[in-house]
Amino acid sequence: MNRLWFRFRQFTRQFWFIPALFTLLAIVLAEAGITLEERHGVPQSLSFIYGGGETGARSLLSAVASSSIGVAGTVFSITIAALSYAAGSMGPRLLDNFTRDRGNQVAMNTPSTTFAFALYTLRAVQGGDQNPFVPHYNVTGAMLLALACIAALVYFIAHVTGSINMTNVVNLLRDDLEDALSKATREPEDSQGKMTPPPKEFWDNGAAVRATHSGYLQLLDVDRLLALADKENVALRLYVKPGDYLFKNSVVAVGVPHMPEGVLAALTLGNTRTREQDLEYSVRQLSEVAARALSSGTNDPVTAIDVIDRFGDALCGLGGREWPDGVHFSGEHLRLVRPTTTYGSLLDSMFQMIRQYGKTNPAVMLRLLEVLRIVADCTPAPERQAELRRHAGLVYSDALENTPNEADKAELQKCYLRLVGYLPKGNQQP
């Protein structure tokens, strides 16, 4: 994905884009209907077209305009209430998912589109004995749009109710996570013939490039970097990956034997993290829901358990899929080495915050150990088993230290021992 296409997608996802587009379309359609009728009139065969006079058309258009703006006010009031609830219970970072929902945007914009269409048409209605004109097509269209406003209001109420339901939110975030994992990983490849990157000392005498601006790395154009490295016959090493925050004047990359011009142009920065290439962003959205659910003000362990289950579902769905190692060659020549998300860092993003906030809740810790056991059963790779064992030990240790009840401690120990039975032999103590 190049920067231009990325910026275009970000632009079209803005909350105001669909309303502005639909309002402009409403005015264009209103003018087209007026022009069509002025030139060709209304055929007698179209019996369903509005057939009233100038007074009736004015009254009808005025009623549609006033009622549609009233519906718009109701919709926006519901939206503000829904956003306030979502920000308080699920976190302000999830509001972006709500405002970018196309269903919400269309439903909220239908009344304002109807208002613009009716108001623009109203100016074309002319009475009197000289040159009277009634835009019959547009009056009919305004009536249809009024019915669409009712349908949009009913849909919006039902859609918002589902949008702020915690289980639905968790499921939607799980779908985003699974999609991100699918894009970030690949099917297993034959390890024979793979080239290894040079040692760390290879980069010691390289030329460095520093960030000229600060912000989150939203997009990394790997193809552009590879083309640049090929053209200049250099090897590049990046120190940042999508989702990292770049500090001004910090070292971003090193080039050997020199640093070509244009490396920074392949890095797109912004004020917020995005999900396009940032796998951990999707993970942290779910983790934040669980952390808020485990806070003393909310005290909702069921939601935290739901999040843990969705993490387990996503990890089991990985199967034997591999992460790219971030090493790129052109023939036998090294061109790019870049950091990537690993299985261990993925588990850290998923479970560290939940463990830290939920260590005093035996139910959450028991479910976390049980999910880790199920994931271990679905994960044959030894290095991934080692990461699961590490997290299992951390969970068990924190849970024992913060659980005063002996019966709960015994249950935790039983669950942990069942878990380590699926993991490699060795040091299985926490």
# chains A, B, ... in the order shown; residues from 1 in each chain; ligands from 1
call {"tool": "residues_around", "arguments": {"residues": "A:Lys241", "least_positions_apart": "6", "cutoff": "9 Å", "atoms": "only C-alpha atoms", "output": "ChimeraX atom specification"}}
result
/A:217-220,277-278,338-341
call {"tool": "residues_around", "arguments": {"residues": "stretch 17-22 of chain A", "least_positions_apart": "6", "cutoff": "9 Å", "atoms": "only C-alpha atoms", "output": "ChimeraX atom specification"}}
result
/A:11,102,105-106,108-110,112-113
call {"tool": "closest_atom_pairs", "arguments": {"of": "stretch 198-316 of chain A", "to": "stretch 364-384 of chain A", "cutoff": "12 Å", "atoms": "only C-alpha atoms", "output": "CSV"}}
result
residue,atom,partner,partner_atom,distance
A:Ala290,CA,A:Val364,CA,10.3
A:Ala291,CA,A:Val364,CA,11.5
A:Ala293,CA,A:Val364,CA,11.1
A:Leu294,CA,A:Val364,CA,9.2
A:Asn299,CA,A:Val364,CA,11.6
A:Asp300,CA,A:Val364,CA,10.3
A:Pro301,CA,A:Val364,CA,6.6
A:Val302,CA,A:Val364,CA,8.2
A:Thr303,CA,A:Val364,CA,9.9
A:Ala304,CA,A:Val364,CA,7.1
A:Ile305,CA,A:Val364,CA,6.1
A:Asp306,CA,A:Arg367,CA,9.7
A:Val307,CA,A:Leu368,CA,10.0
A:Ile308,CA,A:Leu368,CA,6.5
A:Asp309,CA,A:Val371,CA,6.8
A:Arg310,CA,A:Val371,CA,9.6
A:Phe311,CA,A:Val371,CA,8.5
A:Gly312,CA,A:Val371,CA,5.8
A:Asp313,CA,A:Val375,CA,8.2
A:Ala314,CA,A:Val375,CA,9.4
A:Leu315,CA,A:Val375,CA,6.5
A:Cys316,CA,A:Val375,CA,5.6
call {"tool": "atom_distance", "arguments": {"atom1": "atom CA of A:Ala266", "atom2": "atom CA of A:Leu225"}}
result
6.5 Å
call {"tool": "atom_distance", "arguments": {"atom1": "atom CA of A:Ser77", "atom2": "atom CA of A:Thr161"}}
result
13.9 Å
call {"tool": "residues_around", "arguments": {"residues": "A:Leu400", "least_positions_apart": "6", "cutoff": "10 Å", "atoms": "only C-alpha atoms", "output": "NGL selection string"}}
result
:A and (359-360 or 362 or 365 or 406 or 408-410 or 412-413)
call {"tool": "write_last_selection", "arguments": {"atoms": "C-alpha atoms", "output": "tab-separated table (two decimals), in the first residue's frame"}}
result
chain	number	residue	atom	x	y	z
A	359	LYS	CA	-4.27	-10.99	39.33
A	360	THR	CA	-6.61	-10.54	42.33
A	362	PRO	CA	-9.28	-16.03	40.71
A	365	MET	CA	-6.78	-16.17	36.31
A	406	GLU	CA	-6.82	-22.03	49.99
A	408	ASP	CA	-8.91	-21.16	45.06
A	409	LYS	CA	-5.17	-21.78	45.34
A	410	ALA	CA	-5.72	-25.52	44.99
A	412	LEU	CA	-5.19	-22.70	40.39
A	413	GLN	CA	-2.51	-25.32	41.03
call {"tool": "closest_residue", "arguments": {"among": "A:Ile78, A:Val139, A:Leu61, A:Leu346", "to": "A:Glu387", "atoms": "only C-alpha atoms"}}
result
A:Leu346
call {"tool": "select_by_dssp", "arguments": {"residues": "stretch 246-347 of chain A", "states": "helix (DSSP H, G or I)", "output": "PyMOL selection string"}}
result
chain A and resi 264-266+279-293+301-318+343-347
call {"tool": "select_by_dssp", "arguments": {"residues": "stretch 331-363 of chain A", "states": "strand (DSSP E)", "output": "MDAnalysis selection string"}}
result
chainID A and resid 333:337
call {"tool": "atom_distance", "arguments": {"atom1": "atom CA of A:Ser163", "atom2": "atom CA of A:Arg13"}}
result
17.9 Å
call {"tool": "residues_around", "arguments": {"residues": "A:Tyr155", "least_positions_apart": "4", "cutoff": "8 Å", "atoms": "only C-alpha atoms", "output": "list in words"}}
result
Ala107, Ala151 and His159 of chain A
call {"tool": "write_last_selection", "arguments": {"atoms": "N, CA and C atoms", "output": "compact mmCIF listing (two decimals), in the first residue's frame"}}
result
# COMPACT_ATOMS: atom_id res chain seq x y z
N ALA A 107 -27.10 6.07 8.08
CA ALA A 107 -28.33 6.29 8.82
C ALA A 107 -28.40 7.71 9.39
N ALA A 151 -37.22 4.68 8.00
CA ALA A 151 -36.49 3.42 7.98
C ALA A 151 -35.09 3.60 8.58
N HIS A 159 -29.27 -0.64 15.33
CA HIS A 159 -27.84 -0.79 15.08
C HIS A 159 -27.02 -0.26 16.25
call {"tool": "closest_residue", "arguments": {"among": "A:Val256, A:Ile49, A:Ala57, A:Leu286", "to": "A:Phe133", "atoms": "only C-alpha atoms"}}
result
A:Ala57
call {"tool": "residues_around", "arguments": {"residues": "A:Met350", "least_positions_apart": "2", "cutoff": "9 Å", "atoms": "only C-alpha atoms", "output": "VMD selection string"}}
result
chain A and resid 280 283 to 284 286 to 287 308 311 345 to 348 352 to 354
call {"tool": "write_last_selection", "arguments": {"atoms": "N, CA and C atoms", "output": "PDB file, in the first residue's frame"}}
result
ATOM      1  N   GLU A 280      -0.392  -5.066  16.569  1.00  0.00           N
ATOM      2  CA  GLU A 280      -0.584  -4.907  18.005  1.00  0.00           C
ATOM      3  C   GLU A 280      -1.665  -3.888  18.341  1.00  0.00           C
ATOM      4  N   VAL A 283      -4.754  -5.881  18.829  1.00  0.00           N
ATOM      5  CA  VAL A 283      -4.659  -6.623  20.082  1.00  0.00           C
ATOM      6  C   VAL A 283      -4.933  -5.709  21.271  1.00  0.00           C
ATOM      7  N   ARG A 284      -4.342  -4.536  21.253  1.00  0.00           N
ATOM      8  CA  ARG A 284      -4.462  -3.635  22.385  1.00  0.00           C
ATOM      9  C   ARG A 284      -5.873  -3.085  22.541  1.00  0.00           C
ATOM     10  N   LEU A 286      -8.589  -4.869  22.201  1.00  0.00           N
ATOM     11  CA  LEU A 286      -9.260  -5.882  23.018  1.00  0.00           C
ATOM     12  C   LEU A 286      -8.706  -5.890  24.442  1.00  0.00           C
ATOM     13  N   SER A 287      -7.400  -5.732  24.584  1.00  0.00           N
ATOM     14  CA  SER A 287      -6.804  -5.723  25.916  1.00  0.00           C
ATOM     15  C   SER A 287      -7.337  -4.568  26.750  1.00  0.00           C
ATOM     16  N   ILE A 308     -10.512 -12.884  26.901  1.00  0.00           N
ATOM     17  CA  ILE A 308      -9.533 -13.982  26.964  1.00  0.00           C
ATOM     18  C   ILE A 308      -9.927 -15.105  26.004  1.00  0.00           C
ATOM     19  N   PHE A 311      -9.057 -14.097  22.482  1.00  0.00           N
ATOM     20  CA  PHE A 311      -7.617 -14.212  22.234  1.00  0.00           C
ATOM     21  C   PHE A 311      -7.229 -15.668  21.986  1.00  0.00           C
ATOM     22  N   SER A 345       5.957 -11.344  21.481  1.00  0.00           N
ATOM     23  CA  SER A 345       5.438  -9.985  21.676  1.00  0.00           C
ATOM     24  C   SER A 345       3.928  -9.940  21.497  1.00  0.00           C
ATOM     25  N   LEU A 346       3.402 -10.825  20.649  1.00  0.00           N
ATOM     26  CA  LEU A 346       1.951 -10.904  20.498  1.00  0.00           C
ATOM     27  C   LEU A 346       1.303 -11.371  21.802  1.00  0.00           C
ATOM     28  N   LEU A 347       1.874 -12.409  22.428  1.00  0.00           N
ATOM     29  CA  LEU A 347       1.344 -12.877  23.707  1.00  0.00           C
ATOM     30  C   LEU A 347       1.474 -11.802  24.783  1.00  0.00           C
ATOM     31  N   ASP A 348       2.572 -11.056  24.766  1.00  0.00           N
ATOM     32  CA  ASP A 348       2.738  -9.968  25.732  1.00  0.00           C
ATOM     33  C   ASP A 348       1.618  -8.934  25.583  1.00  0.00           C
ATOM     34  N   GLN A 352      -0.426  -9.548  29.107  1.00  0.00           N
ATOM     35  CA  GLN A 352       0.247  -8.874  30.214  1.00  0.00           C
ATOM     36  C   GLN A 352      -0.688  -7.935  30.979  1.00  0.00           C
ATOM     37  N   MET A 353      -1.418  -7.103  30.268  1.00  0.00           N
ATOM     38  CA  MET A 353      -2.282  -6.147  30.939  1.00  0.00           C
ATOM     39  C   MET A 353      -3.418  -6.858  31.672  1.00  0.00           C
ATOM     40  N   ILE A 354      -3.949  -7.920  31.071  1.00  0.00           N
ATOM     41  CA  ILE A 354      -5.022  -8.675  31.729  1.00  0.00           C
ATOM     42  C   ILE A 354      -4.494  -9.327  33.004  1.00  0.00           C
TER      43      ILE A 354
END
